[in-house]
Amino acid sequence: MQWHFIDCPDGSSDSRHLVVQTGCKQRCWQSIAAAHCLDCSSTWRLQLSKIYGNVFTVHFGPRKAVVLAGYETIKDALLNHAEEFGERAEIPIFRKITQGKGISFSHGELWKTMRRFTLSTLRDFGMGKRALEIRILEEVNSLIKYFESYRGKPFDTKMILNNAVSNVICSILFGERFEYDDPVFLTLLKLINQNINKTPLAPQLYNFYPSLGFLSGASKTVLQNISELNAFLQKLFQEHKEELNENDLTGFVDAFLMKQKQKPHTAFDNGNLVFTTLDLFSGGTETTSTTVRWGLLLMMKYPEIQRKIQEEMNRVIEPGELPKLEDRKKMPYTEAVIHEIQRFANIVPMGVSRSTPSDVNFRGYVIPKGTEIIPLLTTALKDEAHWKTPHQFNPSHFLDANGNFVRREAFIPFSIGRRACLGEGLAKMELFLFFSGLLRKFVFQPPPGVDKSDLDLTADVGFTLTPMPHLVCAVPVNEQTWH
Ligand code: HEM
């Protein structure tokens, strides 16, 4: 096996700044892929693509994966060759946990059935509709009350934002939200977090070293955790099963259970209900709440941008009201900032690995059936051919000369193609309503004694790229300024 090292162009000796290629330690590869070093994020790609082109192979121990770099290449593969790159990679630890059930790590016909059902049920329960907007706004209001309780004093937003976003999923699943101190809600979140974050090895390690989880004994803990969570969810579902009424299905769980009843012995079984539910929690919670957290951090860093959003809202939103989805078209600047937050924060830098269901001939390369494919979304979101200042936070990437919002092709944080994010519509609703709702009520400032220049925009690497731990001060916006 060939090991290839490229020094970080800034000459830093910090391991997070190292740019290392093929089969190195997990930390190094993550750093490359995650573009951990903001200054060098595109440089490494340039260096590697200069040597290997935009399609190259990396070796993770005995495992080979093909990397796709740059927007044009990713688009060519995931859209123009949608079927050929349309499977999810087979990751042994996830197979062991999910038994191939659910959406995110399932395959073939089962995946198709679960994805189709979930999308249509999410639509029935309001994805993109007013009913869901009302539920999200209810959550935004609870969050505002929570933020107000700090009276402008510094606090950490991580847990409460996570809880608020989880609660939106809960209300889609069960038809109602939980109070933040409800013991059922707290137990559910504890069990979910223990699976997502608290396993002895981080999930991305399983991704790259699939067998390592088993060797280290970590899989035992993961499997224990999952069976505890499984039992808890089954109990919650059971309560719904007993209340099932065909004409009054209150949420996703009811709709799924009704299918179980109407179509026994099909894919609509308990296992698929549990893992589809968990896919909605795990896909839909940390991603969205992390993006909002990046947003608040960036607003503290760039108060002039924050002020422009608040001025825009003052112009188009009635005094005392929160922004609604219908206001979006009147808020091009806010829209541009939210898009730029997603582009800049780049929270899923490597996408989620795909695989080839059959041999593929792509751009002159023969890629065998079953090869893991890594679409490096970071190389599209920071592609120098598509963005004026790829490494700077610059909302004008999404504005024309007249200040109108403009869509950009290379904006693909939800990925593209067959297995693109299923929750994109919901996530966009949530990002707009949470972010603009919070900015309508508060000015976000660094804690006393911390200058905006001290705020660290370096990402912490986990399943997603998250902001480093930090505190925020949510200072209530003076009502007088709205008149
Ligand atoms: C800012 C928020 C979000 C981001 C950046 C994000 C990003 C992604 C990405 C990059 C993928 C991989 C797609 C691929 O393989 O091409 C994905 C898949 C997925 N996402 Fe999201 N996501 C977000 C929010 C959500 C929400 C709110 C939900 C659920 C309600 C969700 C559910 C899923 C599911 C189920 C998949 C697997 C799809 C499949 O395999 O068919 N995501 N997401």
# chains A, B, ... in the order shown; residues from 1 in each chain; ligands from 1
>>> closest_atom_pairs(of="chain A", to="ligand 1", cutoff="8 Å", atoms="only C-alpha atoms and all ligand atoms", output="Markdown table")
| residue | atom | partner | partner_atom_place_in_ligand_line | distance |
| --- | --- | --- | --- | --- |
| A:Leu78 | CA | ligand 1 | 16 (O) | 7.7 |
| A:Arg88 | CA | ligand 1 | 40 (O) | 6.6 |
| A:Ile103 | CA | ligand 1 | 40 (O) | 5.4 |
| A:Ser104 | CA | ligand 1 | 40 (O) | 3.7 |
| A:Phe105 | CA | ligand 1 | 40 (O) | 6.2 |
| A:Ser106 | CA | ligand 1 | 40 (O) | 7.3 |
| A:Trp111 | CA | ligand 1 | 41 (O) | 7.1 |
| A:Arg115 | CA | ligand 1 | 41 (O) | 6.1 |
| A:Ile169 | CA | ligand 1 | 30 (C) | 6.8 |
| A:Thr276 | CA | ligand 1 | 35 (C) | 7.5 |
| A:Asp279 | CA | ligand 1 | 35 (C) | 5.1 |
| A:Leu280 | CA | ligand 1 | 29 (C) | 4.4 |
| A:Phe281 | CA | ligand 1 | 29 (C) | 6.7 |
| A:Ser282 | CA | ligand 1 | 32 (C) | 7.4 |
| A:Gly283 | CA | ligand 1 | 32 (C) | 4.0 |
| A:Gly284 | CA | ligand 1 | 26 (C) | 3.2 |
| A:Thr285 | CA | ligand 1 | 27 (C) | 6.4 |
| A:Glu286 | CA | ligand 1 | 2 (C) | 7.9 |
| A:Thr287 | CA | ligand 1 | 2 (C) | 4.4 |
| A:Thr288 | CA | ligand 1 | 1 (C) | 4.1 |
| A:Ser289 | CA | ligand 1 | 1 (C) | 7.6 |
| A:Thr290 | CA | ligand 1 | 1 (C) | 7.7 |
| A:Thr291 | CA | ligand 1 | 1 (C) | 5.8 |
| A:Gln342 | CA | ligand 1 | 1 (C) | 7.2 |
| A:Asn346 | CA | ligand 1 | 5 (C) | 7.7 |
| A:Ile347 | CA | ligand 1 | 5 (C) | 6.2 |
| A:Val348 | CA | ligand 1 | 10 (C) | 5.6 |
| A:Pro349 | CA | ligand 1 | 10 (C) | 7.9 |
| A:Met350 | CA | ligand 1 | 10 (C) | 7.8 |
| A:Gly351 | CA | ligand 1 | 10 (C) | 4.4 |
| A:Val352 | CA | ligand 1 | 12 (C) | 4.7 |
| A:Ser353 | CA | ligand 1 | 15 (O) | 6.3 |
| A:Arg354 | CA | ligand 1 | 15 (O) | 6.1 |
| A:Leu377 | CA | ligand 1 | 10 (C) | 7.6 |
| A:Pro413 | CA | ligand 1 | 5 (C) | 5.1 |
| A:Phe414 | CA | ligand 1 | 7 (C) | 4.1 |
| A:Ser415 | CA | ligand 1 | 16 (O) | 4.5 |
| A:Ile416 | CA | ligand 1 | 16 (O) | 5.4 |
| A:Gly417 | CA | ligand 1 | 16 (O) | 6.2 |
| A:Arg418 | CA | ligand 1 | 16 (O) | 6.9 |
| A:Arg419 | CA | ligand 1 | 41 (O) | 4.1 |
| A:Ala420 | CA | ligand 1 | 16 (O) | 3.6 |
| A:Cys421 | CA | ligand 1 | 18 (C) | 3.6 |
| A:Leu422 | CA | ligand 1 | 33 (C) | 4.6 |
| A:Gly423 | CA | ligand 1 | 28 (C) | 3.5 |
| A:Glu424 | CA | ligand 1 | 24 (C) | 5.7 |
| A:Gly425 | CA | ligand 1 | 27 (C) | 7.7 |
| A:Leu426 | CA | ligand 1 | 27 (C) | 5.3 |
| A:Ala427 | CA | ligand 1 | 27 (C) | 4.3 |
| A:Lys428 | CA | ligand 1 | 1 (C) | 7.2 |
| A:Glu430 | CA | ligand 1 | 27 (C) | 7.9 |
| A:Leu431 | CA | ligand 1 | 1 (C) | 7.3 |
>>> write_last_selection(atoms="N, CA and C atoms", output="compact mmCIF listing (two decimals), in the first residue's frame")
# COMPACT_ATOMS: atom_id res chain seq x y z
N LEU A 78 -23.41 11.99 -9.42
CA LEU A 78 -24.65 11.77 -8.65
C LEU A 78 -25.92 12.13 -9.41
N ARG A 88 -26.23 3.08 -1.21
CA ARG A 88 -25.50 3.49 0.00
C ARG A 88 -24.38 2.49 0.22
N ILE A 103 -34.01 3.70 6.45
CA ILE A 103 -33.77 4.39 5.16
C ILE A 103 -32.28 4.63 4.90
N SER A 104 -31.64 5.27 5.85
CA SER A 104 -30.29 5.78 5.57
C SER A 104 -29.29 4.70 5.19
N PHE A 105 -29.39 3.50 5.81
CA PHE A 105 -28.41 2.45 5.53
C PHE A 105 -29.05 1.20 4.96
N SER A 106 -30.25 1.36 4.39
CA SER A 106 -30.89 0.20 3.75
C SER A 106 -30.57 0.23 2.25
N TRP A 111 -35.21 -0.07 0.66
CA TRP A 111 -34.91 1.37 0.75
C TRP A 111 -35.95 2.18 -0.02
N ARG A 115 -38.29 4.88 1.73
CA ARG A 115 -38.07 6.28 1.37
C ARG A 115 -39.36 6.89 0.79
N ILE A 169 -39.20 16.83 15.25
CA ILE A 169 -39.32 15.45 14.74
C ILE A 169 -40.36 14.70 15.58
N THR A 276 -36.54 3.53 10.77
CA THR A 276 -36.94 4.71 10.00
C THR A 276 -37.08 5.90 10.95
N ASP A 279 -33.72 7.06 11.87
CA ASP A 279 -33.09 7.80 10.77
C ASP A 279 -33.59 9.24 10.74
N LEU A 280 -34.87 9.43 11.06
CA LEU A 280 -35.39 10.79 11.07
C LEU A 280 -34.78 11.58 12.22
N PHE A 281 -34.64 10.93 13.38
CA PHE A 281 -33.99 11.61 14.51
C PHE A 281 -32.53 11.89 14.20
N SER A 282 -31.80 10.85 13.77
CA SER A 282 -30.36 11.05 13.63
C SER A 282 -30.03 11.92 12.42
N GLY A 283 -30.81 11.77 11.32
CA GLY A 283 -30.54 12.61 10.15
C GLY A 283 -31.03 14.03 10.36
N GLY A 284 -32.07 14.18 11.18
CA GLY A 284 -32.76 15.46 11.20
C GLY A 284 -32.53 16.33 12.41
N THR A 285 -31.75 15.86 13.39
CA THR A 285 -31.62 16.66 14.59
C THR A 285 -30.29 17.41 14.62
N GLU A 286 -29.20 16.65 14.70
CA GLU A 286 -27.91 17.31 14.90
C GLU A 286 -27.55 18.22 13.72
N THR A 287 -27.90 17.76 12.50
CA THR A 287 -27.60 18.55 11.31
C THR A 287 -28.22 19.96 11.41
N THR A 288 -29.52 19.97 11.71
CA THR A 288 -30.23 21.24 11.70
C THR A 288 -29.80 22.11 12.88
N SER A 289 -29.70 21.50 14.07
CA SER A 289 -29.37 22.34 15.23
C SER A 289 -27.93 22.86 15.13
N THR A 290 -27.04 22.04 14.59
CA THR A 290 -25.66 22.51 14.41
C THR A 290 -25.61 23.69 13.44
N THR A 291 -26.42 23.63 12.39
CA THR A 291 -26.42 24.75 11.43
C THR A 291 -26.92 26.03 12.11
N GLN A 342 -24.96 27.81 5.60
CA GLN A 342 -24.85 26.38 5.24
C GLN A 342 -23.63 26.10 4.38
N ASN A 346 -20.63 24.02 6.12
CA ASN A 346 -20.20 22.81 5.41
C ASN A 346 -20.25 21.60 6.35
N ILE A 347 -21.41 21.40 6.98
CA ILE A 347 -21.41 20.50 8.14
C ILE A 347 -21.29 19.00 7.79
N VAL A 348 -21.62 18.63 6.54
CA VAL A 348 -21.41 17.21 6.16
C VAL A 348 -20.38 17.20 5.03
N PRO A 349 -19.12 17.44 5.35
CA PRO A 349 -18.12 17.72 4.31
C PRO A 349 -17.88 16.57 3.33
N MET A 350 -18.06 15.34 3.81
CA MET A 350 -17.79 14.21 2.93
C MET A 350 -19.06 13.57 2.41
N GLY A 351 -20.20 14.24 2.60
CA GLY A 351 -21.46 13.61 2.26
C GLY A 351 -21.61 12.34 3.07
N VAL A 352 -22.41 11.42 2.60
CA VAL A 352 -22.54 10.11 3.24
C VAL A 352 -22.17 9.11 2.14
N SER A 353 -21.25 8.20 2.47
CA SER A 353 -20.69 7.35 1.41
C SER A 353 -21.77 6.62 0.61
N ARG A 354 -21.54 6.62 -0.68
CA ARG A 354 -22.39 5.88 -1.62
C ARG A 354 -21.65 4.63 -2.05
N LEU A 377 -18.54 16.83 -0.53
CA LEU A 377 -19.39 18.01 -0.71
C LEU A 377 -18.63 19.30 -0.46
N PRO A 413 -25.42 21.37 0.04
CA PRO A 413 -25.16 20.83 1.38
C PRO A 413 -26.00 19.59 1.69
N PHE A 414 -27.12 19.41 0.95
CA PHE A 414 -27.98 18.25 1.18
C PHE A 414 -27.64 17.12 0.20
N SER A 415 -26.56 17.30 -0.55
CA SER A 415 -26.15 16.39 -1.59
C SER A 415 -27.19 16.41 -2.72
N ILE A 416 -26.98 15.57 -3.73
CA ILE A 416 -27.89 15.54 -4.88
C ILE A 416 -28.07 14.09 -5.32
N GLY A 417 -29.06 13.89 -6.18
CA GLY A 417 -29.25 12.56 -6.76
C GLY A 417 -30.20 11.70 -5.95
N ARG A 418 -30.17 10.42 -6.26
CA ARG A 418 -31.14 9.45 -5.76
C ARG A 418 -31.26 9.40 -4.24
N ARG A 419 -30.11 9.47 -3.57
CA ARG A 419 -30.16 9.31 -2.12
C ARG A 419 -29.93 10.62 -1.40
N ALA A 420 -30.19 11.72 -2.11
CA ALA A 420 -30.00 13.04 -1.49
C ALA A 420 -30.86 13.12 -0.24
N CYS A 421 -30.54 14.09 0.61
CA CYS A 421 -31.23 14.22 1.90
C CYS A 421 -32.74 14.20 1.73
N LEU A 422 -33.34 13.36 2.53
CA LEU A 422 -34.79 13.21 2.48
C LEU A 422 -35.48 14.36 3.22
N GLY A 423 -34.76 14.99 4.12
CA GLY A 423 -35.39 16.01 4.96
C GLY A 423 -35.09 17.43 4.52
N GLU A 424 -34.61 17.59 3.26
CA GLU A 424 -34.20 18.94 2.84
C GLU A 424 -35.31 19.97 3.03
N GLY A 425 -36.53 19.61 2.63
CA GLY A 425 -37.65 20.56 2.74
C GLY A 425 -37.89 20.96 4.18
N LEU A 426 -37.91 19.97 5.05
CA LEU A 426 -38.13 20.23 6.48
C LEU A 426 -36.98 21.07 7.05
N ALA A 427 -35.75 20.68 6.70
CA ALA A 427 -34.59 21.39 7.23
C ALA A 427 -34.63 22.87 6.82
N LYS A 428 -35.01 23.13 5.57
CA LYS A 428 -35.03 24.52 5.11
C LYS A 428 -36.09 25.33 5.85
N GLU A 430 -37.15 24.69 8.88
CA GLU A 430 -36.67 24.86 10.26
C GLU A 430 -35.59 25.93 10.34
N LEU A 431 -34.63 25.86 9.39
CA LEU A 431 -33.52 26.82 9.45
C LEU A 431 -34.04 28.24 9.36
>>> residues_around(residues="segment 302-316 of chain A", least_positions_apart="4", cutoff="10 Å", atoms="only C-alpha atoms", output="PyMOL selection string")
chain A and resi 295-298+320-323+327-328+330-337+393-395+436-437+439-445+452-453+477+481-483
>>> write_last_selection(atoms="C-alpha atoms", output="CSV table (one decimal), in the first residue's frame")
chain,number,residue,atom,x,y,z
A,295,GLY,CA,-25.6,30.8,12.4
A,296,LEU,CA,-25.6,32.3,15.8
A,297,LEU,CA,-21.9,32.1,16.2
A,298,LEU,CA,-21.4,33.8,12.8
A,320,GLY,CA,-44.0,42.1,17.5
A,321,GLU,CA,-44.6,39.3,14.9
A,322,LEU,CA,-42.2,36.4,14.1
A,323,PRO,CA,-41.2,35.8,10.5
A,327,ASP,CA,-42.2,36.3,4.4
A,328,ARG,CA,-39.2,34.6,2.9
A,330,LYS,CA,-39.6,39.6,1.1
A,331,MET,CA,-36.4,38.8,3.0
A,332,PRO,CA,-33.7,38.2,0.3
A,333,TYR,CA,-30.8,39.3,2.6
A,334,THR,CA,-31.9,36.8,5.4
A,335,GLU,CA,-32.2,34.1,2.8
A,336,ALA,CA,-28.8,34.8,1.4
A,337,VAL,CA,-27.3,34.7,4.9
A,393,PHE,CA,-18.3,34.1,5.0
A,394,ASN,CA,-19.8,36.3,2.3
A,395,PRO,CA,-23.7,36.4,2.0
A,436,SER,CA,-35.0,34.4,11.7
A,437,GLY,CA,-37.3,33.9,14.8
A,439,LEU,CA,-32.9,37.1,15.5
A,440,ARG,CA,-36.2,38.8,15.6
A,441,LYS,CA,-36.2,38.6,19.4
A,442,PHE,CA,-32.5,38.8,20.3
A,443,VAL,CA,-29.3,40.4,19.4
A,444,PHE,CA,-26.6,37.7,19.7
A,445,GLN,CA,-23.3,38.9,21.3
A,452,LYS,CA,-15.7,39.2,18.2
A,453,SER,CA,-12.2,38.7,16.9
A,477,VAL,CA,-34.1,43.3,20.9
A,481,THR,CA,-36.7,49.8,17.6
A,482,TRP,CA,-39.6,48.2,15.7
A,483,HIS,CA,-41.7,51.3,15.6
>>> select_by_dssp(residues="segment 263-332 of chain A", states="alpha helix (DSSP H)", output="ChimeraX atom specification")
/A:270-284,286-301,303-316,332
>>> residues_around(residues="Lys261 of chain A", least_positions_apart="5", cutoff="12 Å", atoms="only C-alpha atoms", output="ChimeraX atom specification")
/A:241-242,244-246,254-256,266-270
>>> atom_distance(atom1="atom CA of Val274 of chain A", atom2="atom CA of Leu189 of chain A")
14.8 Å
